[in-house]
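J.: Provided herewith: data35.csv, CSV, C-alpha atoms.
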chain,number,residue,atom,x,y,z
A,1,MET,CA,-183.9,44.4,247.1
A,2,ALA,CA,-181.6,43.0,244.4
A,3,PRO,CA,-182.6,43.7,240.8
A,4,ALA,CA,-184.1,40.8,238.8
A,5,ILE,CA,-181.6,39.0,236.6
A,6,ALA,CA,-182.5,39.3,232.9
A,7,LYS,CA,-183.6,35.9,231.5
A,8,PRO,CA,-181.5,35.0,228.5
A,9,LEU,CA,-184.2,32.8,226.9
A,10,LEU,CA,-187.4,34.3,225.5
A,11,SER,CA,-189.6,31.5,226.9
A,12,ASP,CA,-188.5,32.2,230.5
A,13,LEU,CA,-188.7,36.0,230.0
A,14,VAL,CA,-192.4,35.7,228.8
A,15,ALA,CA,-193.3,33.2,231.6
A,16,GLN,CA,-192.0,35.8,234.1
A,17,SER,CA,-193.6,39.0,232.6
A,18,GLY,CA,-196.5,37.8,230.4
A,19,GLN,CA,-195.8,40.7,228.1
A,20,VAL,CA,-193.9,41.4,224.8
A,21,PRO,CA,-190.6,42.9,225.9
A,22,SER,CA,-189.6,46.2,224.2
A,23,SER,CA,-186.6,44.3,222.8
A,24,HIS,CA,-189.0,42.3,220.6
A,25,ILE,CA,-191.3,45.0,219.3
A,26,ARG,CA,-190.7,45.8,215.6
A,27,PRO,CA,-190.9,49.4,214.3
A,28,VAL,CA,-194.3,50.2,213.0
A,29,GLY,CA,-193.3,49.9,209.4
A,30,ASP,CA,-191.7,46.5,209.9
A,31,ARG,CA,-194.5,44.5,211.5
A,32,PRO,CA,-196.3,41.6,210.0
A,33,ASP,CA,-199.6,42.6,208.4
A,34,LEU,CA,-201.5,39.6,209.6
A,35,ASP,CA,-204.7,40.5,207.8
A,36,ASN,CA,-203.0,40.6,204.4
A,37,VAL,CA,-202.0,36.9,204.1
A,38,ASP,CA,-203.5,34.2,201.8
A,39,HIS,CA,-204.8,31.3,203.7
A,40,GLU,CA,-206.7,29.5,201.0
A,41,SER,CA,-205.5,26.0,200.3
A,42,GLY,CA,-205.4,26.7,196.5
A,43,ALA,CA,-202.8,29.4,197.1
A,44,GLY,CA,-200.5,27.0,198.9
A,45,ILE,CA,-197.3,25.2,197.7
A,46,PRO,CA,-197.2,22.0,195.6
A,47,VAL,CA,-197.5,18.6,197.4
A,48,ILE,CA,-195.4,15.9,195.8
A,49,ASP,CA,-195.9,12.2,196.4
A,50,LEU,CA,-192.4,10.5,196.6
A,51,LYS,CA,-193.8,7.0,196.6
A,52,GLN,CA,-192.7,6.4,193.0
A,53,LEU,CA,-189.3,8.3,193.3
A,54,ASP,CA,-187.6,4.9,193.2
A,55,GLY,CA,-190.2,3.2,191.0
A,56,PRO,CA,-191.2,3.1,187.4
A,57,ASP,CA,-192.7,6.6,187.5
A,58,ARG,CA,-189.5,8.2,188.7
A,59,ARG,CA,-189.4,10.6,185.7
A,60,LYS,CA,-192.8,12.0,186.6
A,61,VAL,CA,-191.7,12.7,190.2
A,62,VAL,CA,-188.4,14.2,189.1
A,63,GLU,CA,-190.3,16.5,186.7
A,64,ALA,CA,-192.7,17.6,189.5
A,65,ILE,CA,-189.8,18.4,191.8
A,66,GLY,CA,-188.1,20.4,189.0
A,67,SER,CA,-191.2,22.3,188.3
A,68,ALA,CA,-191.7,23.1,192.0
A,69,CYS,CA,-188.1,24.3,192.3
A,70,GLU,CA,-188.5,26.5,189.3
A,71,THR,CA,-191.8,28.1,190.0
A,72,ASP,CA,-192.2,27.9,193.8
A,73,GLY,CA,-188.9,27.2,195.5
A,74,PHE,CA,-191.0,25.4,198.2
A,75,PHE,CA,-193.0,22.1,198.1
A,76,MET,CA,-194.3,19.5,200.4
A,77,VAL,CA,-193.4,15.8,200.2
A,78,LYS,CA,-195.5,12.9,201.4
A,79,ASN,CA,-194.5,9.2,201.4
A,80,HIS,CA,-191.1,10.6,202.1
A,81,GLY,CA,-189.8,7.4,203.7
A,82,ILE,CA,-189.1,8.7,207.3
A,83,PRO,CA,-191.0,6.4,209.6
A,84,GLU,CA,-193.9,7.9,211.4
A,85,GLU,CA,-192.6,6.9,214.8
A,86,VAL,CA,-189.3,8.6,214.1
A,87,VAL,CA,-191.1,11.8,213.2
A,88,GLU,CA,-193.3,11.7,216.2
A,89,GLY,CA,-190.3,10.9,218.4
A,90,MET,CA,-188.4,13.9,217.2
A,91,LEU,CA,-191.3,16.3,217.9
A,92,ARG,CA,-191.9,14.7,221.3
A,93,VAL,CA,-188.3,15.0,222.5
A,94,ALA,CA,-188.1,18.5,221.2
A,95,ARG,CA,-191.1,19.5,223.3
A,96,GLU,CA,-189.7,17.7,226.3
A,97,PHE,CA,-186.4,19.6,226.0
A,98,PHE,CA,-188.1,23.0,226.0
A,99,HIS,CA,-190.3,22.0,228.8
A,100,MET,CA,-187.4,21.1,231.1
A,101,PRO,CA,-186.6,23.5,234.0
A,102,GLU,CA,-184.7,26.6,233.1
A,103,SER,CA,-181.6,25.5,234.9
A,104,GLU,CA,-181.3,22.3,232.9
A,105,ARG,CA,-181.9,24.0,229.6
A,106,LEU,CA,-179.3,26.8,230.3
A,107,LYS,CA,-176.6,24.2,230.5
A,108,CYS,CA,-176.6,24.3,226.7
A,109,TYR,CA,-176.9,28.1,226.4
A,110,SER,CA,-174.4,30.2,224.4
A,111,ASP,CA,-174.6,33.4,222.3
A,112,ASP,CA,-171.5,32.4,220.4
A,113,PRO,CA,-172.6,31.7,216.8
A,114,LYS,CA,-169.4,29.7,216.1
A,115,LYS,CA,-170.4,27.0,218.6
A,116,ALA,CA,-171.6,23.8,216.8
A,117,ILE,CA,-174.0,22.9,219.7
A,118,ARG,CA,-175.8,25.7,221.4
A,119,LEU,CA,-179.1,26.8,222.9
A,120,SER,CA,-179.9,30.4,222.1
A,121,THR,CA,-182.7,32.9,221.3
A,122,SER,CA,-183.8,35.0,218.3
A,123,PHE,CA,-181.1,34.8,215.5
A,124,ASN,CA,-177.9,36.6,216.4
A,125,VAL,CA,-178.3,38.4,219.7
A,126,ARG,CA,-174.9,40.0,219.4
A,127,THR,CA,-175.7,42.0,216.3
A,128,GLU,CA,-179.5,42.4,215.8
A,129,LYS,CA,-181.4,45.5,216.8
A,130,VAL,CA,-184.7,43.8,217.4
A,131,SER,CA,-185.1,40.3,218.7
A,132,ASN,CA,-187.2,37.6,217.2
A,133,TRP,CA,-189.9,35.5,219.0
A,134,ARG,CA,-187.9,32.3,219.1
A,135,ASP,CA,-185.7,30.1,221.2
A,136,PHE,CA,-183.7,27.5,219.4
A,137,LEU,CA,-181.3,24.6,219.9
A,138,ARG,CA,-178.7,24.4,217.1
A,139,LEU,CA,-177.2,20.9,216.5
A,140,HIS,CA,-174.5,19.9,214.0
A,141,CYS,CA,-175.4,16.4,212.7
A,142,TYR,CA,-172.9,15.2,210.1
A,143,PRO,CA,-170.8,13.3,210.5
A,144,LEU,CA,-173.0,12.2,213.3
A,145,GLU,CA,-170.3,10.5,215.3
A,146,SER,CA,-168.4,13.8,215.4
A,147,PHE,CA,-171.1,15.7,217.2
A,148,ILE,CA,-173.6,13.4,219.0
A,149,ASP,CA,-171.6,13.2,222.2
A,150,GLN,CA,-171.8,17.0,222.5
A,151,TRP,CA,-175.6,17.0,222.2
A,152,PRO,CA,-177.8,17.5,225.3
A,153,SER,CA,-178.0,14.4,227.5
A,154,ASN,CA,-181.4,15.4,228.8
A,155,PRO,CA,-184.1,14.3,228.1
A,156,PRO,CA,-182.4,10.9,228.4
A,157,SER,CA,-183.6,9.7,225.0
A,158,PHE,CA,-182.6,12.9,223.2
A,159,ARG,CA,-179.4,11.6,221.5
A,160,GLN,CA,-180.9,8.4,220.4
A,161,VAL,CA,-184.1,9.8,219.1
A,162,VAL,CA,-182.6,12.9,217.4
A,163,GLY,CA,-179.7,10.9,216.0
A,164,THR,CA,-182.2,8.5,214.3
A,165,TYR,CA,-184.2,11.4,212.9
A,166,SER,CA,-181.0,13.2,211.6
A,167,ARG,CA,-179.9,10.0,209.8
A,168,GLU,CA,-183.3,9.6,208.1
A,169,ALA,CA,-183.4,13.3,207.2
A,170,ARG,CA,-179.9,13.1,205.6
A,171,ALA,CA,-181.0,10.1,203.5
A,172,LEU,CA,-184.0,12.0,202.3
A,173,ALA,CA,-182.0,15.1,201.5
A,174,LEU,CA,-179.6,13.0,199.3
A,175,ARG,CA,-182.6,11.4,197.4
A,176,LEU,CA,-184.0,14.9,196.8
A,177,LEU,CA,-180.6,16.3,195.6
A,178,GLU,CA,-180.3,13.4,193.2
A,179,ALA,CA,-183.8,14.2,191.8
A,180,ILE,CA,-182.9,17.9,191.5
A,181,SER,CA,-179.8,17.0,189.6
A,182,GLU,CA,-181.8,14.8,187.2
A,183,SER,CA,-184.4,17.5,186.8
A,184,LEU,CA,-181.7,19.9,185.4
A,185,GLY,CA,-180.5,17.3,182.9
A,186,LEU,CA,-177.4,16.5,184.9
A,187,GLU,CA,-176.0,13.2,186.2
A,188,ARG,CA,-177.9,11.9,189.3
A,189,GLY,CA,-174.9,12.5,191.6
A,190,HIS,CA,-173.9,15.9,190.4
A,191,MET,CA,-175.4,18.1,193.2
A,192,VAL,CA,-174.1,15.9,196.0
A,193,SER,CA,-170.6,15.8,194.4
A,194,ALA,CA,-170.6,19.6,193.9
A,195,MET,CA,-171.2,20.0,197.7
A,196,GLY,CA,-167.9,18.4,198.6
A,197,ARG,CA,-167.8,16.5,201.9
A,198,GLN,CA,-171.2,18.1,202.8
A,199,ALA,CA,-172.5,19.2,206.2
A,200,GLN,CA,-175.8,19.0,208.0
A,201,HIS,CA,-177.2,20.8,210.9
A,202,MET,CA,-180.6,21.4,212.4
A,203,ALA,CA,-182.4,23.9,214.5
A,204,VAL,CA,-185.0,22.8,217.0
A,205,ASN,CA,-187.2,25.9,217.2
A,206,TYR,CA,-189.5,26.8,220.0
A,207,TYR,CA,-192.0,29.6,219.5
A,208,PRO,CA,-193.8,30.4,222.8
A,209,PRO,CA,-197.4,31.9,222.6
A,210,CYS,CA,-197.1,35.6,222.1
A,211,PRO,CA,-199.5,38.1,223.8
A,212,GLN,CA,-199.4,40.4,220.8
A,213,PRO,CA,-198.3,38.6,217.7
A,214,GLU,CA,-198.9,41.6,215.5
A,215,LEU,CA,-195.9,43.3,217.1
A,216,THR,CA,-193.1,40.8,216.3
A,217,TYR,CA,-191.9,37.9,214.1
A,218,GLY,CA,-190.9,34.4,214.9
A,219,LEU,CA,-188.4,35.0,212.1
A,220,PRO,CA,-188.6,37.9,209.6
A,221,GLY,CA,-188.5,37.4,205.9
A,222,HIS,CA,-185.3,35.7,204.7
A,223,LYS,CA,-183.8,33.2,202.3
A,224,ASP,CA,-181.9,30.1,203.5
A,225,PRO,CA,-178.1,30.2,202.8
A,226,ASN,CA,-177.7,26.4,202.5
A,227,ALA,CA,-178.5,24.0,199.7
A,228,ILE,CA,-181.8,22.4,200.7
A,229,THR,CA,-184.0,22.6,203.9
A,230,LEU,CA,-186.3,19.9,205.2
A,231,LEU,CA,-188.8,21.2,207.6
A,232,LEU,CA,-190.7,19.1,210.2
A,233,GLN,CA,-193.4,21.1,212.0
A,234,ASP,CA,-196.0,20.3,214.5
A,235,GLY,CA,-199.7,20.9,213.9
A,236,VAL,CA,-199.5,24.7,214.5
A,237,SER,CA,-199.3,27.0,211.5
A,238,GLY,CA,-196.6,29.7,211.4
A,239,LEU,CA,-194.6,29.4,208.2
A,240,GLN,CA,-195.4,31.8,205.4
A,241,VAL,CA,-193.9,32.0,201.9
A,242,GLN,CA,-193.8,35.0,199.5
A,243,ARG,CA,-195.5,34.3,196.2
A,244,ASN,CA,-196.2,37.1,193.6
A,245,GLY,CA,-195.5,39.7,196.2
A,246,ARG,CA,-198.0,38.3,198.8
A,247,TRP,CA,-197.5,36.2,201.9
A,248,VAL,CA,-199.0,32.7,201.7
A,249,ALA,CA,-199.6,30.6,204.8
A,250,VAL,CA,-198.0,27.1,204.6
A,251,ASN,CA,-200.3,25.2,206.9
A,252,PRO,CA,-199.1,21.9,208.2
A,253,VAL,CA,-200.2,18.8,206.3
A,254,PRO,CA,-200.3,15.5,208.4
A,255,ASP,CA,-197.3,13.2,207.6
A,256,ALA,CA,-195.8,15.7,205.1
A,257,LEU,CA,-192.5,17.6,205.3
A,258,VAL,CA,-191.9,21.0,203.8
A,259,ILE,CA,-188.9,21.3,201.4
A,260,ASN,CA,-187.3,24.5,200.2
A,261,ILE,CA,-184.5,25.4,197.9
A,262,GLY,CA,-181.6,27.4,199.5
A,263,ASP,CA,-179.2,29.9,198.0
A,264,GLN,CA,-176.6,27.2,197.1
A,265,ILE,CA,-179.0,25.3,194.8
A,266,GLN,CA,-180.0,28.6,193.2
A,267,ALA,CA,-176.3,29.2,192.4
A,268,LEU,CA,-175.5,25.6,191.4
A,269,SER,CA,-178.5,25.7,189.0
A,270,ASN,CA,-177.3,29.0,187.6
A,271,ASP,CA,-180.5,30.7,188.6
A,272,ARG,CA,-182.9,28.1,187.1
A,273,TYR,CA,-184.2,27.3,190.6
A,274,LYS,CA,-185.1,29.9,193.1
A,275,SER,CA,-184.4,30.4,196.8
A,276,VAL,CA,-187.6,32.1,198.1
A,277,LEU,CA,-188.4,34.6,200.9
A,278,HIS,CA,-190.2,33.0,203.8
A,279,ARG,CA,-191.0,34.1,207.4
A,280,VAL,CA,-192.4,32.8,210.6
A,281,ILE,CA,-195.3,34.5,212.4
A,282,VAL,CA,-196.5,33.6,215.9
A,283,ASN,CA,-199.8,33.4,217.7
A,284,SER,CA,-201.3,34.1,221.1
A,285,GLU,CA,-202.8,30.7,221.8
A,286,SER,CA,-200.3,27.9,221.1
A,287,GLU,CA,-196.6,27.2,221.4
A,288,ARG,CA,-195.1,26.0,218.1
A,289,ILE,CA,-192.2,23.6,217.5
A,290,SER,CA,-190.4,23.2,214.1
A,291,VAL,CA,-187.3,21.3,213.2
A,292,PRO,CA,-185.6,22.5,210.0
A,293,THR,CA,-182.7,20.3,208.8
A,294,PHE,CA,-180.2,22.3,206.7
A,295,TYR,CA,-178.2,20.3,204.2
A,296,CYS,CA,-175.1,22.2,203.2
A,297,PRO,CA,-171.9,22.1,201.1
A,298,SER,CA,-168.7,21.6,203.1
A,299,PRO,CA,-167.1,25.0,204.0
A,300,ASP,CA,-164.3,24.5,201.4
A,301,ALA,CA,-166.6,23.5,198.5
A,302,VAL,CA,-166.4,25.8,195.6
A,303,ILE,CA,-169.9,26.6,194.4
A,304,ALA,CA,-170.2,27.0,190.6
A,305,PRO,CA,-172.8,25.6,188.2
A,306,ALA,CA,-172.2,22.7,185.8
A,307,ASP,CA,-170.9,23.8,182.4
A,308,ALA,CA,-174.1,22.4,180.8
A,309,LEU,CA,-176.1,25.0,182.6
A,310,VAL,CA,-174.1,28.0,181.4
A,311,ASP,CA,-174.8,29.5,178.0
A,312,GLY,CA,-173.3,32.8,177.1
A,313,ASP,CA,-176.5,34.1,175.5
A,314,LEU,CA,-179.5,32.5,177.1
A,315,HIS,CA,-178.0,31.6,180.5
A,316,PRO,CA,-174.8,33.5,181.2
A,317,LEU,CA,-173.0,32.8,184.5
A,318,ALA,CA,-175.2,34.2,187.2
A,319,TYR,CA,-172.6,34.2,190.0
A,320,ARG,CA,-168.9,34.2,190.3
A,321,PRO,CA,-167.5,31.0,191.9
A,322,PHE,CA,-167.3,31.2,195.7
A,323,THR,CA,-166.6,28.9,198.7
A,324,TYR,CA,-169.5,28.1,200.9
A,325,GLN,CA,-167.5,29.4,203.9
A,326,ALA,CA,-167.2,32.8,202.2
A,327,TYR,CA,-170.9,32.8,201.5
A,328,TYR,CA,-172.0,31.8,204.9
A,329,ASP,CA,-169.7,34.4,206.6
A,330,GLU,CA,-171.3,37.1,204.3
A,331,PHE,CA,-174.8,35.8,205.1
A,332,TRP,CA,-174.2,35.8,208.8
A,333,ASN,CA,-172.9,39.3,208.8
A,334,MET,CA,-175.9,40.5,206.9
A,335,GLY,CA,-178.4,39.0,209.3
A,336,LEU,CA,-181.9,38.0,208.4
A,337,GLN,CA,-183.2,40.4,205.8
A,338,SER,CA,-185.2,40.3,202.5
A,339,ALA,CA,-182.2,41.3,200.3
A,340,SER,CA,-180.5,38.3,198.7
A,341,CYS,CA,-177.0,37.6,199.8
A,342,LEU,CA,-176.4,36.0,196.4
A,343,ASP,CA,-176.5,39.5,194.8
A,344,ARG,CA,-173.2,40.1,196.5
A,345,PHE,CA,-171.6,37.4,194.4
A,346,ARG,CA,-172.8,38.5,191.0
A,347,PRO,CA,-170.0,38.7,188.3
A,348,ASN,CA,-168.4,42.2,188.4
A,349,ASP,CA,-170.1,43.2,185.1
A,350,GLN,CA,-173.5,42.4,186.7
A,351,ALA,CA,-173.0,43.9,190.1
A,352,ASP,CA,-174.8,47.1,191.1
Will you turn the file into structure tokens for me?

T.:
Amino acid sequence: MAPAIAKPLLSDLVAQSGQVPSSHIRPVGDRPDLDNVDHESGAGIPVIDLKQLDGPDRRKVVEAIGSACETDGFFMVKNHGIPEEVVEGMLRVAREFFHMPESERLKCYSDDPKKAIRLSTSFNVRTEKVSNWRDFLRLHCYPLESFIDQWPSNPPSFRQVVGTYSREARALALRLLEAISESLGLERGHMVSAMGRQAQHMAVNYYPPCPQPELTYGLPGHKDPNAITLLLQDGVSGLQVQRNGRWVAVNPVPDALVINIGDQIQALSNDRYKSVLHRVIVNSESERISVPTFYCPSPDAVIAPADALVDGDLHPLAYRPFTYQAYYDEFWNMGLQSASCLDRFRPNDQAD
């Protein structure tokens, strides 16, 4: 009898075995302590109403965004301007994609992290020692016309629906970056300009139900390497953020998106705003879909704070200037871990 062929995607592997594969079991000291998580709503992240971001109360909204960036690194936004039908369409087509037959999904499969469009599993299967409980479809989205023809053609509405969502997400990212600039006392367009030609990509994440969620992670604790992340999630909880040394559950709020500051905003703000550790845990009952949009500098953009944010005494230069490409290469080589990649770019007199 011929040996069974290993399934490259987690969802198909679990459907076949019904067990947590040994490749996904974390060492005992590196497992999520699911009983030691804050679930109370008061411990959650700020919720900011963007309704007046372009109205007479813009200053109040900008100040709220600045405060959240400084103290939390994460916040939710409601009245964000992305139409409800666009959001629902994105989640629907994501679920349809991951429910297609294995043979159809595998047309997009690759373990090459340099591919702009690829379906894969975990994070970086070529280098990591323990796999994560996640399948994902990675899509580059900007400029949209450069990539959309490479996207999956099934489900039939995929390109149209996801293309519409990615345009709306980019528009929101630009509005938030303008508000972040203003909150730092800079010109409204500073952050967008500092990011050069810019780039945008998204991950359509699929977390299957896990028979023993205490043994593994959807994604372990990490910080995002990009500038700003806009997270769309279905109604299933899974995201957790570290606050004051404890993990806090960020439970989904209807019609709200989760926003978090990435490492590039931390560098561009000269450490005023913080990129924060977060992780994804899984559960035994429900599949979970999330769609993070990562807004990034262009690879050749030189990341350095505005002169107004650097003061030799109070606010010395926190990081030496670097290109985003150099940073992303370093981040990818590190893999997902709690240590900050930014620490590798401290000025020589501050480095360990």

J.: Between A:Pro316, A:Gly185, A:Pro211, A:Pro143, which has the minimum distance to Gly18 in chain A (counting only C-alpha atoms)?

T.: A:Pro211

J.: For the contact check between range 37-95 of chain A and range 269-281 of chain A, emit one row per residue of range 37-95 of chain A within 6 Å, containing the shortest atom pair and the distance in Å rounded to one decimal, counting only C-alpha atoms, chain then rising number order, as CSV.

T.:
residue,atom,partner,partner_atom,distance
A:Cys69,CA,A:Tyr273,CA,5.2
A:Glu70,CA,A:Tyr273,CA,4.6
A:Gly73,CA,A:Lys274,CA,5.2

J.: Measuring atom to atom with all atoms listed in the file, identify which of A:Ser120, A:Ser23, A:Ser286, A:Asn260 is nearest to Pro46 in chain A.

T.: A:Asn260

J.: Would you mind telling me which residue in A:Gly29, A:Gly196, A:Gly81, A:Gly218 lies nearest to Thr323 in chain A when using all atoms listed in the file?

T.: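 Nearest candidate to Thr323 in chain A out of A:Gly29, A:Gly196, A:Gly81, A:Gly218: A:Gly196.
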
J.: If I take CA of Asp57 in chain A and CA of Ala179 in chain A, how far is one from the other in Å, to one decimal?

T.: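 Between CA of Asp57 in chain A and CA of Ala179 in chain A the gap is 12.5 Å.
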
J.: Let me make sure I understand: among A:Gly235, A:Val253, A:Tyr328, A:Pro220, which one has the smallest atom-to-atom distance to Lys114 in chain A if we use only C-alpha atoms?

T.: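 Distance minimum relative to Lys114 in chain A lands on A:Tyr328.
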
J.: In Å to one decimal, how far is CA of Phe97 in chain A from CA of Asn154 in chain A?

T.: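 For CA of Asn154 in chain A relative to CA of Phe97 in chain A, the distance reads 7.1 Å.
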
J.: Excluding same-chain residues fewer than 3 positions from Val130 in chain A, what lies within 7 Å of it counting all atoms listed in the file, as a PyMOL selection string?

T.: chain A and resi 23-26

J.: With distances taken over all atoms listed in the file, which residue among A:Glu85, A:Asp35, A:Glu128, A:Glu168 lies nearest Tyr142 in chain A?

T.: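 Selected residue with least distance to Tyr142 in chain A: A:Glu168.
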
J.: Within 6 Å of (-175.4, 25.4, 225.5) in the file's own coordinates, which protein, DNA or RNA residues have an atom, counting only C-alpha atoms? List them as a ChimeraX atom specification.

T.: /A:107-110,118-119

J.: Just the residues within 12 Å of Val236 in chain A, please, counting all atoms listed in the file, with nothing from its chain fewer than 3 positions along; format it as JSON, numbers by chain.

T.: {"A": [206, 207, 208, 209, 232, 233, 239, 249, 250, 251, 252, 253, 254, 280, 281, 282, 283, 284, 285, 286, 287, 288, 289, 290]}

J.: Missing atoms in range 313-338 of chain A: can you complete it with N, CA and C atoms, as a PDB file, in the frame of the given file?

T.:
ATOM      1  N   ASP A 313    -175.374  33.232 175.931  1.00  0.00           N
ATOM      2  CA  ASP A 313    -176.500  34.100 175.500  1.00  0.00           C
ATOM      3  C   ASP A 313    -177.712  33.938 176.334  1.00  0.00           C
ATOM      4  N   LEU A 314    -178.231  32.708 176.397  1.00  0.00           N
ATOM      5  CA  LEU A 314    -179.500  32.500 177.100  1.00  0.00           C
ATOM      6  C   LEU A 314    -179.281  32.422 178.628  1.00  0.00           C
ATOM      7  N   HIS A 315    -178.213  31.768 179.056  1.00  0.00           N
ATOM      8  CA  HIS A 315    -178.000  31.600 180.500  1.00  0.00           C
ATOM      9  C   HIS A 315    -176.535  31.891 180.836  1.00  0.00           C
ATOM     10  N   PRO A 316    -176.181  33.167 180.840  1.00  0.00           N
ATOM     11  CA  PRO A 316    -174.800  33.500 181.200  1.00  0.00           C
ATOM     12  C   PRO A 316    -174.577  33.176 182.706  1.00  0.00           C
ATOM     13  N   LEU A 317    -173.314  33.107 183.086  1.00  0.00           N
ATOM     14  CA  LEU A 317    -173.000  32.800 184.500  1.00  0.00           C
ATOM     15  C   LEU A 317    -173.593  33.791 185.407  1.00  0.00           C
ATOM     16  N   ALA A 318    -174.436  33.314 186.325  1.00  0.00           N
ATOM     17  CA  ALA A 318    -175.200  34.200 187.200  1.00  0.00           C
ATOM     18  C   ALA A 318    -174.358  34.721 188.381  1.00  0.00           C
ATOM     19  N   TYR A 319    -173.414  33.873 188.872  1.00  0.00           N
ATOM     20  CA  TYR A 319    -172.600  34.200 190.000  1.00  0.00           C
ATOM     21  C   TYR A 319    -171.178  33.794 189.832  1.00  0.00           C
ATOM     22  N   ARG A 320    -170.265  34.572 190.309  1.00  0.00           N
ATOM     23  CA  ARG A 320    -168.900  34.200 190.300  1.00  0.00           C
ATOM     24  C   ARG A 320    -168.670  33.019 191.270  1.00  0.00           C
ATOM     25  N   PRO A 321    -167.751  32.091 191.005  1.00  0.00           N
ATOM     26  CA  PRO A 321    -167.500  31.000 191.900  1.00  0.00           C
ATOM     27  C   PRO A 321    -167.111  31.497 193.328  1.00  0.00           C
ATOM     28  N   PHE A 322    -167.584  30.805 194.363  1.00  0.00           N
ATOM     29  CA  PHE A 322    -167.300  31.200 195.700  1.00  0.00           C
ATOM     30  C   PHE A 322    -167.236  29.937 196.602  1.00  0.00           C
ATOM     31  N   THR A 323    -166.544  29.999 197.729  1.00  0.00           N
ATOM     32  CA  THR A 323    -166.600  28.900 198.700  1.00  0.00           C
ATOM     33  C   THR A 323    -167.836  29.077 199.573  1.00  0.00           C
ATOM     34  N   TYR A 324    -168.351  27.966 200.063  1.00  0.00           N
ATOM     35  CA  TYR A 324    -169.500  28.100 200.900  1.00  0.00           C
ATOM     36  C   TYR A 324    -169.166  28.813 202.221  1.00  0.00           C
ATOM     37  N   GLN A 325    -167.935  28.663 202.703  1.00  0.00           N
ATOM     38  CA  GLN A 325    -167.500  29.400 203.900  1.00  0.00           C
ATOM     39  C   GLN A 325    -167.611  30.890 203.698  1.00  0.00           C
ATOM     40  N   ALA A 326    -167.106  31.351 202.544  1.00  0.00           N
ATOM     41  CA  ALA A 326    -167.200  32.800 202.200  1.00  0.00           C
ATOM     42  C   ALA A 326    -168.599  33.262 202.169  1.00  0.00           C
ATOM     43  N   TYR A 327    -169.449  32.435 201.578  1.00  0.00           N
ATOM     44  CA  TYR A 327    -170.900  32.800 201.500  1.00  0.00           C
ATOM     45  C   TYR A 327    -171.523  32.867 202.818  1.00  0.00           C
ATOM     46  N   TYR A 328    -171.301  31.852 203.639  1.00  0.00           N
ATOM     47  CA  TYR A 328    -172.000  31.800 204.900  1.00  0.00           C
ATOM     48  C   TYR A 328    -171.521  32.936 205.838  1.00  0.00           C
ATOM     49  N   ASP A 329    -170.236  33.287 205.770  1.00  0.00           N
ATOM     50  CA  ASP A 329    -169.700  34.400 206.600  1.00  0.00           C
ATOM     51  C   ASP A 329    -170.469  35.709 206.153  1.00  0.00           C
ATOM     52  N   GLU A 330    -170.653  35.891 204.847  1.00  0.00           N
ATOM     53  CA  GLU A 330    -171.300  37.100 204.300  1.00  0.00           C
ATOM     54  C   GLU A 330    -172.796  37.085 204.790  1.00  0.00           C
ATOM     55  N   PHE A 331    -173.440  35.920 204.696  1.00  0.00           N
ATOM     56  CA  PHE A 331    -174.800  35.800 205.100  1.00  0.00           C
ATOM     57  C   PHE A 331    -174.993  36.124 206.591  1.00  0.00           C
ATOM     58  N   TRP A 332    -174.123  35.570 207.408  1.00  0.00           N
ATOM     59  CA  TRP A 332    -174.200  35.800 208.800  1.00  0.00           C
ATOM     60  C   TRP A 332    -174.036  37.243 209.211  1.00  0.00           C
ATOM     61  N   ASN A 333    -173.105  37.895 208.517  1.00  0.00           N
ATOM     62  CA  ASN A 333    -172.900  39.300 208.800  1.00  0.00           C
ATOM     63  C   ASN A 333    -174.034  40.183 208.361  1.00  0.00           C
ATOM     64  N   MET A 334    -174.740  39.767 207.308  1.00  0.00           N
ATOM     65  CA  MET A 334    -175.900  40.500 206.900  1.00  0.00           C
ATOM     66  C   MET A 334    -177.067  40.391 207.842  1.00  0.00           C
ATOM     67  N   GLY A 335    -177.205  39.216 208.450  1.00  0.00           N
ATOM     68  CA  GLY A 335    -178.400  39.000 209.300  1.00  0.00           C
ATOM     69  C   GLY A 335    -179.581  38.623 208.441  1.00  0.00           C
ATOM     70  N   LEU A 336    -180.714  38.369 209.097  1.00  0.00           N
ATOM     71  CA  LEU A 336    -181.900  38.000 208.400  1.00  0.00           C
ATOM     72  C   LEU A 336    -182.563  39.232 207.760  1.00  0.00           C
ATOM     73  N   GLN A 337    -182.602  39.262 206.444  1.00  0.00           N
ATOM     74  CA  GLN A 337    -183.200  40.400 205.800  1.00  0.00           C
ATOM     75  C   GLN A 337    -183.723  39.913 204.395  1.00  0.00           C
ATOM     76  N   SER A 338    -184.561  40.725 203.771  1.00  0.00           N
ATOM     77  CA  SER A 338    -185.200  40.300 202.500  1.00  0.00           C
ATOM     78  C   SER A 338    -184.207  40.390 201.337  1.00  0.00           C
TER      79      SER A 338
END
